[in-house]
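Heads up, my_file-v6.txt below (compact mmCIF, C-alpha atoms):
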# COMPACT_ATOMS: atom_id res chain seq x y z
CA MET A 1 1.95 -7.19 -5.51
CA LEU A 2 0.75 -6.94 -9.07
CA PHE A 3 -2.30 -7.00 -11.33
CA PHE A 4 -2.77 -9.65 -14.01
CA ARG A 5 -5.36 -10.02 -16.75
CA SER A 6 -5.89 -13.76 -16.18
CA GLU A 7 -4.57 -16.84 -14.40
CA GLU A 8 -2.75 -17.80 -17.60
CA ARG A 9 -0.84 -14.51 -17.54
CA VAL A 10 0.09 -15.10 -13.88
CA ARG A 11 1.40 -18.59 -14.71
CA GLU A 12 3.48 -17.22 -17.60
CA TRP A 13 4.93 -14.50 -15.39
CA CYS A 14 5.86 -16.98 -12.63
CA GLU A 15 7.37 -19.49 -15.07
CA THR A 16 9.50 -16.80 -16.71
CA ARG A 17 10.98 -15.88 -13.34
CA GLY A 18 11.16 -19.35 -11.80
CA LEU A 19 8.75 -18.30 -9.08
CA PRO A 20 6.02 -20.49 -7.58
CA LEU A 21 2.41 -19.67 -8.33
CA ARG A 22 0.89 -18.12 -5.22
CA PRO A 23 -2.81 -17.89 -4.31
CA LEU A 24 -4.80 -15.79 -6.77
CA VAL A 25 -6.89 -12.96 -5.37
CA ARG A 26 -10.05 -11.59 -6.99
CA ILE A 27 -10.55 -7.83 -7.30
CA ASP A 28 -13.41 -7.85 -4.78
CA GLN A 29 -11.14 -9.64 -2.29
CA LEU A 30 -8.39 -7.11 -2.98
CA TRP A 31 -10.81 -4.31 -2.19
CA GLY A 32 -11.52 -6.04 1.13
CA LEU A 33 -7.81 -6.07 1.90
CA ALA A 34 -7.32 -2.46 0.83
CA HIS A 35 -10.30 -1.27 2.86
CA ALA A 36 -9.24 -3.23 5.96
CA TRP A 37 -5.70 -1.83 5.79
CA TYR A 38 -6.31 1.74 4.76
CA ALA A 39 -9.86 3.00 5.47
CA THR A 40 -8.70 4.71 8.69
CA ARG A 41 -5.14 5.53 7.55
CA LEU A 42 -5.66 9.30 7.56
CA GLN A 43 -7.12 9.30 11.08
CA PRO A 44 -5.13 9.92 14.29
CA ASP A 45 -5.87 6.50 15.80
CA SER A 46 -4.92 4.55 12.68
CA ARG A 47 -2.42 1.69 12.97
CA ARG A 48 -1.31 -1.25 10.90
CA PRO A 49 -3.18 -4.51 11.57
CA GLN A 50 -1.37 -6.79 14.00
CA PRO A 51 -0.85 -10.51 13.21
CA ALA A 52 -4.05 -11.71 14.88
CA GLU A 53 -6.05 -9.02 13.09
CA MET A 54 -4.37 -9.91 9.81
CA ARG A 55 -5.42 -13.55 10.22
CA GLU A 56 -9.00 -12.48 10.93
CA ILE A 57 -9.08 -10.21 7.87
CA PHE A 58 -7.62 -12.88 5.57
CA SER A 59 -10.01 -15.51 6.92
CA ARG A 60 -13.04 -13.23 6.48
CA LEU A 61 -12.07 -12.66 2.85
CA GLY A 62 -11.59 -16.38 2.17
CA LEU A 63 -7.78 -16.17 2.00
CA ALA A 64 -6.60 -19.27 3.86
CA GLY A 65 -3.38 -21.22 4.21
CA ASP A 66 0.22 -20.71 5.30
CA PHE A 67 0.85 -18.14 2.56
CA TRP A 68 -1.41 -15.68 4.39
CA ASP A 69 -0.12 -16.45 7.90
CA PRO A 70 1.97 -13.42 8.97
CA GLN A 71 3.94 -15.60 11.38
CA SER A 72 4.29 -18.75 9.27
CA ASP A 73 7.68 -20.46 9.25
CA GLN A 74 6.81 -22.52 6.15
CA PHE A 75 8.72 -20.31 3.73
CA GLY A 76 12.25 -20.30 5.12
CA MET B 1 6.64 13.68 24.04
CA SER B 2 8.20 11.88 21.08
CA MET B 3 5.04 9.80 20.72
CA ASP B 4 2.98 12.99 20.28
CA LEU B 5 5.56 14.34 17.85
CA ASP B 6 5.62 11.08 15.89
CA LEU B 7 1.82 11.08 15.61
CA ASN B 8 1.78 14.70 14.47
CA VAL B 9 4.53 14.04 11.92
CA LYS B 10 2.73 10.96 10.63
CA LEU B 11 -0.53 12.87 10.25
CA ALA B 12 1.26 15.76 8.54
CA VAL B 13 2.89 13.39 6.06
CA TYR B 14 -0.40 11.66 5.26
CA ARG B 15 -2.37 14.91 5.01
CA HIS B 16 0.24 16.35 2.65
CA PHE B 17 -0.01 13.26 0.43
CA ALA B 18 -3.82 13.38 0.51
CA GLU B 19 -4.01 17.10 -0.26
CA THR B 20 -1.29 17.31 -2.91
CA ALA B 21 -0.77 13.73 -4.21
CA ARG B 22 2.99 14.26 -3.77
CA ARG B 23 5.43 13.46 -0.98
CA PRO B 24 6.22 16.25 1.46
CA SER B 25 9.75 17.48 2.02
CA PRO B 26 10.99 17.49 5.63
CA GLU B 27 10.57 21.27 5.47
CA ASP B 28 6.90 20.86 4.44
CA VAL B 29 6.30 18.60 7.44
CA ALA B 30 8.23 20.88 9.81
CA GLU B 31 6.04 23.78 8.76
CA ARG B 32 2.82 21.80 9.26
CA VAL B 33 3.89 20.52 12.69
CA ALA B 34 5.68 23.73 13.73
CA VAL B 35 8.90 22.01 14.82
CA PRO B 36 12.50 22.18 13.54
CA VAL B 37 13.44 19.99 10.56
CA ASP B 38 15.89 18.00 12.73
CA GLU B 39 12.99 16.85 14.91
CA VAL B 40 11.04 15.78 11.84
CA LEU B 41 13.99 13.70 10.63
CA ASP B 42 14.31 12.05 14.06
CA ALA B 43 10.59 11.24 13.95
CA TYR B 44 11.00 9.77 10.45
CA LYS B 45 13.53 7.26 11.81
CA ARG B 46 11.17 6.15 14.57
CA LEU B 47 8.25 5.91 12.12
CA ARG B 48 10.43 3.85 9.79
CA SER B 49 11.21 1.40 12.60
CA GLN B 50 7.44 1.12 13.23
CA ARG B 51 6.93 0.37 9.51
CA VAL B 52 4.82 3.49 9.06
CA LEU B 53 7.21 5.06 6.53
CA VAL B 54 9.79 3.75 4.07
CA LEU B 55 12.59 6.25 3.46
CA GLU B 56 15.08 6.70 0.65
CA ALA B 57 18.80 6.19 1.32
CA ASP B 58 19.12 9.84 2.35
CA ASP B 59 16.86 9.16 5.37
CA ALA B 60 14.92 12.32 4.49
CA SER B 61 12.90 11.55 1.35
CA ILE B 62 9.76 9.47 1.74
CA ARG B 63 9.63 6.48 -0.60
CA MET B 64 6.41 5.05 0.83
CA ALA B 65 3.73 6.18 3.23
CA PRO B 66 1.42 3.28 2.36
CA PRO B 67 -0.78 3.37 0.36
CA PHE B 68 0.89 6.48 -1.10
CA SER B 69 4.12 6.31 -3.07
CA GLY B 70 6.64 9.12 -2.99
CA VAL B 71 7.97 8.10 -6.39
CA VAL B 72 6.45 7.47 -9.81
CA THR B 73 5.14 3.93 -10.26
CA GLN B 74 3.08 1.97 -12.79
CA HIS B 75 0.05 2.24 -10.49
CA TRP B 76 -1.72 5.59 -10.34
CA VAL B 77 -5.08 6.71 -9.07
CA ASP B 78 -7.13 9.67 -10.26
CA ALA B 79 -9.32 11.04 -7.46
CA GLY B 80 -10.67 14.47 -6.59
CA GLY B 81 -8.85 16.13 -9.47
CA LEU B 82 -5.44 14.79 -8.38
CA SER B 83 -3.32 11.89 -9.60
CA TYR B 84 -1.71 9.76 -6.88
CA PHE B 85 0.97 7.11 -7.26
CA ALA B 86 0.54 3.83 -5.36
CA ASN B 87 3.23 1.39 -4.24
CA CYS B 88 1.56 -1.72 -5.62
CA ALA B 89 -1.75 -3.16 -6.81
CA TRP B 90 -3.02 -3.51 -3.23
CA ASP B 91 -2.19 0.12 -2.47
CA ALA B 92 -3.79 1.25 -5.74
CA LEU B 93 -7.13 0.23 -4.21
CA GLY B 94 -5.92 1.46 -0.83
CA ILE B 95 -5.82 5.06 -2.01
CA PRO B 96 -9.57 5.42 -2.69
CA ALA B 97 -10.17 3.47 0.54
CA ALA B 98 -8.00 5.91 2.51
CA LEU B 99 -9.40 9.02 0.81
CA HIS B 100 -13.02 7.82 0.95
CA GLN B 101 -13.44 9.13 -2.57
CA THR B 102 -14.51 7.68 -5.87
CA ALA B 103 -11.51 7.09 -8.10
CA THR B 104 -10.14 5.63 -11.30
CA VAL B 105 -7.28 3.14 -10.82
CA HIS B 106 -4.76 2.82 -13.65
CA SER B 107 -2.24 0.01 -13.85
CA ARG B 108 -1.32 -2.87 -16.15
CA CYS B 109 -1.08 -6.63 -16.47
CA GLU B 110 2.48 -7.32 -15.41
CA GLN B 111 2.88 -10.11 -18.00
CA SER B 112 1.08 -8.78 -21.11
CA LYS B 113 1.36 -5.06 -20.25
CA GLU B 114 -2.34 -4.68 -21.14
CA PRO B 115 -3.58 -1.48 -19.45
CA LEU B 116 -6.00 -1.72 -16.54
CA ARG B 117 -8.56 1.00 -15.90
CA LEU B 118 -10.79 0.29 -12.93
CA GLU B 119 -13.54 2.55 -11.63
CA VAL B 120 -13.87 2.53 -7.84
CA GLY B 121 -17.00 3.77 -6.09
CA PHE B 122 -17.54 4.45 -2.40
CA ASP B 123 -18.43 0.78 -1.91
CA GLY B 124 -15.59 -0.64 -3.95
CA PRO B 125 -14.54 -1.35 -7.52
CA GLU B 126 -16.76 -2.18 -10.45
CA PRO B 127 -16.99 -5.93 -11.26
CA SER B 128 -13.75 -7.10 -12.84
CA ASP B 129 -12.18 -10.45 -13.73
CA TRP B 130 -8.64 -9.15 -13.34
CA LEU B 131 -6.52 -10.86 -10.69
CA PHE B 132 -4.04 -9.89 -7.99
CA HIS B 133 -0.94 -11.97 -7.32
CA CYS B 134 1.71 -11.54 -4.65
CA ALA B 135 4.94 -13.51 -5.01
CA VAL B 136 5.99 -13.05 -1.36
CA PRO B 137 4.28 -14.84 1.58
CA ALA B 138 2.76 -12.59 4.26
CA ALA B 139 5.40 -13.56 6.82
CA HIS B 140 8.09 -12.07 4.59
CA TRP B 141 6.38 -8.92 3.26
CA TRP B 142 8.57 -6.54 5.27
CA ASN B 143 11.87 -8.34 4.57
CA ASP B 144 12.05 -6.23 1.40
CA ILE B 145 8.90 -4.15 1.20
CA VAL B 146 9.96 -2.37 -1.97
CA PHE B 147 10.27 -5.71 -3.80
CA THR B 148 7.07 -7.04 -2.22
Encoded form (structure tokens):
Amino acid sequence: MLFFRSEERVREWCETRGLPLRPLVRIDQLWGLAHAWYATRLQPDSRRPQPAEMREIFSRLGLAGDFWDPQSDQFG
Amino acid sequence: MSMDLDLNVKLAVYRHFAETARRPSPEDVAERVAVPVDEVLDAYKRLRSQRVLVLEADDASIRMAPPFSGVVTQHWVDAGGLSYFANCAWDALGIPAALHQTATVHSRCEQSKEPLRLEVGFDGPEPSDWLFHCAVPAAHWWNDIVFT
């Protein structure tokens, strides 16, 4: 889970390693993920999002497709 | 009983990270929770199985208490006069979210190594055209969370 300066830099990084290009996430979307996962992390009732909650969070942030499905069997 | 202990250990670990920006030793946690170190180590194993903590090979040193990293990484966050290490780009934004503090996130472009400096306010980061990329699909994130 890494930062990149541009899509071109992501493509170069993937090609160098023989990895497929995955969905690109904007910084404002990343903040949405970080806030959803961690805003209550220091509180007693905090817990990690469960699969259904994860799907709702991803959908709300515009992150769609099998890549974001925590129970997808599309990736072996 | 163990559920109460596990919760208290988890909170002690997270409060130590938040207050010091460094991982606690089992002795630090034992002192905060007021239990023997052996009970802390047993709780660590249960919290690891719940994916709350990631431990080093010694089963006693905390590698990850997401978003906090117990080891030095390329992602660090300045907040409240402390400098925290994050496990990944996602967690680098997770630290100001967890602390509810303004922060400066430092990282780099993984391809060009260009430095990233990102100011984060209470409502999120300043506008930025940098991107986040994850090579591992969500269904596989915990197969090897350190690589992910």
For chain A, work out the contacting residues on chain B at 8 Å, counting all atoms listed in the file, and write them as a PyMOL selection string. chain B and resi 7+11+14-15+52+67+88-91+93-95+97-100+107-112+114+124-125+127-135+137-140+148
Please dump the current selection as a short mmCIF file (atom, residue, chain, number, x, y, z; two decimals), keeping the file's coordinate frame; keep C-alpha atoms.
data_model
loop_
_atom_site.label_atom_id
_atom_site.label_comp_id
_atom_site.auth_asym_id
_atom_site.auth_seq_id
_atom_site.Cartn_x
_atom_site.Cartn_y
_atom_site.Cartn_z
CA LEU B 7 1.82 11.08 15.61
CA LEU B 11 -0.53 12.87 10.25
CA TYR B 14 -0.40 11.66 5.26
CA ARG B 15 -2.37 14.91 5.01
CA VAL B 52 4.82 3.49 9.06
CA PRO B 67 -0.78 3.37 0.36
CA CYS B 88 1.56 -1.72 -5.62
CA ALA B 89 -1.75 -3.16 -6.81
CA TRP B 90 -3.02 -3.51 -3.23
CA ASP B 91 -2.19 0.12 -2.47
CA LEU B 93 -7.13 0.23 -4.21
CA GLY B 94 -5.92 1.46 -0.83
CA ILE B 95 -5.82 5.06 -2.01
CA ALA B 97 -10.17 3.47 0.54
CA ALA B 98 -8.00 5.91 2.51
CA LEU B 99 -9.40 9.02 0.81
CA HIS B 100 -13.02 7.82 0.95
CA SER B 107 -2.24 0.01 -13.85
CA ARG B 108 -1.32 -2.87 -16.15
CA CYS B 109 -1.08 -6.63 -16.47
CA GLU B 110 2.48 -7.32 -15.41
CA GLN B 111 2.88 -10.11 -18.00
CA SER B 112 1.08 -8.78 -21.11
CA GLU B 114 -2.34 -4.68 -21.14
CA GLY B 124 -15.59 -0.64 -3.95
CA PRO B 125 -14.54 -1.35 -7.52
CA PRO B 127 -16.99 -5.93 -11.26
CA SER B 128 -13.75 -7.10 -12.84
CA ASP B 129 -12.18 -10.45 -13.73
CA TRP B 130 -8.64 -9.15 -13.34
CA LEU B 131 -6.52 -10.86 -10.69
CA PHE B 132 -4.04 -9.89 -7.99
CA HIS B 133 -0.94 -11.97 -7.32
CA CYS B 134 1.71 -11.54 -4.65
CA ALA B 135 4.94 -13.51 -5.01
CA PRO B 137 4.28 -14.84 1.58
CA ALA B 138 2.76 -12.59 4.26
CA ALA B 139 5.40 -13.56 6.82
CA HIS B 140 8.09 -12.07 4.59
CA THR B 148 7.07 -7.04 -2.22
#
As JSON, what would the box around segment 99-118 of chain B look like: edges along x, y and z, 3 Å added on every side, centre and edge lengths in Å to one decimal?
{"center_x": -5.8, "center_y": -0.5, "center_z": -10.1, "size_x": 23.4, "size_y": 25.2, "size_z": 28.1}
Provide the atom CA of Lys45 of chain B to atom CA of Arg32 of chain B distance in Å, to one decimal place.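 Separating atom CA of Lys45 of chain B from atom CA of Arg32 of chain B is a distance of 18.2 Å.
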Shell of 10 Å around Leu41 of chain B, only C-alpha atoms, local chain residues under 2 positions omitted, as a VMD selection string: chain B and resid 9 26 to 27 29 to 30 36 to 39 43 to 47 59 to 61
Distance atom CA of Val71 of chain B-atom CA of Gly121 of chain B, one decimal place? 25.3 Å
I need the residue nearest Arg51 of chain B from this list: B:Lys10, B:Met3, B:Phe17, B:Val120. Use all atoms listed in the file for the distance.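 Closest to Arg51 of chain B of all the choices is B:Lys10.
Here atom CA of Leu82 of chain B stands at a distance of 10.7 Å from atom CA of Thr104 of chain B.
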Residues near Asp28 of chain B, anyone? I mean within 10 Å using all atoms listed in the file, not counting same-chain ones fewer than 4 positions away, as a ChimeraX atom specification. /B:12-13,16,23-24,32-34,37,40
Just checking: using all atoms listed in the file, which residue out of B:Phe85, B:Phe68, B:Trp141, B:Phe122 ends up closest to Thr102 of chain B?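 For Thr102 of chain B, the nearest of the given residues is B:Phe122.
Distance check against Val77 of chain B using all atoms listed in the file: of B:Ala57, B:Ile62, B:Val136, B:Ala92, the minimum falls on B:Ala92.
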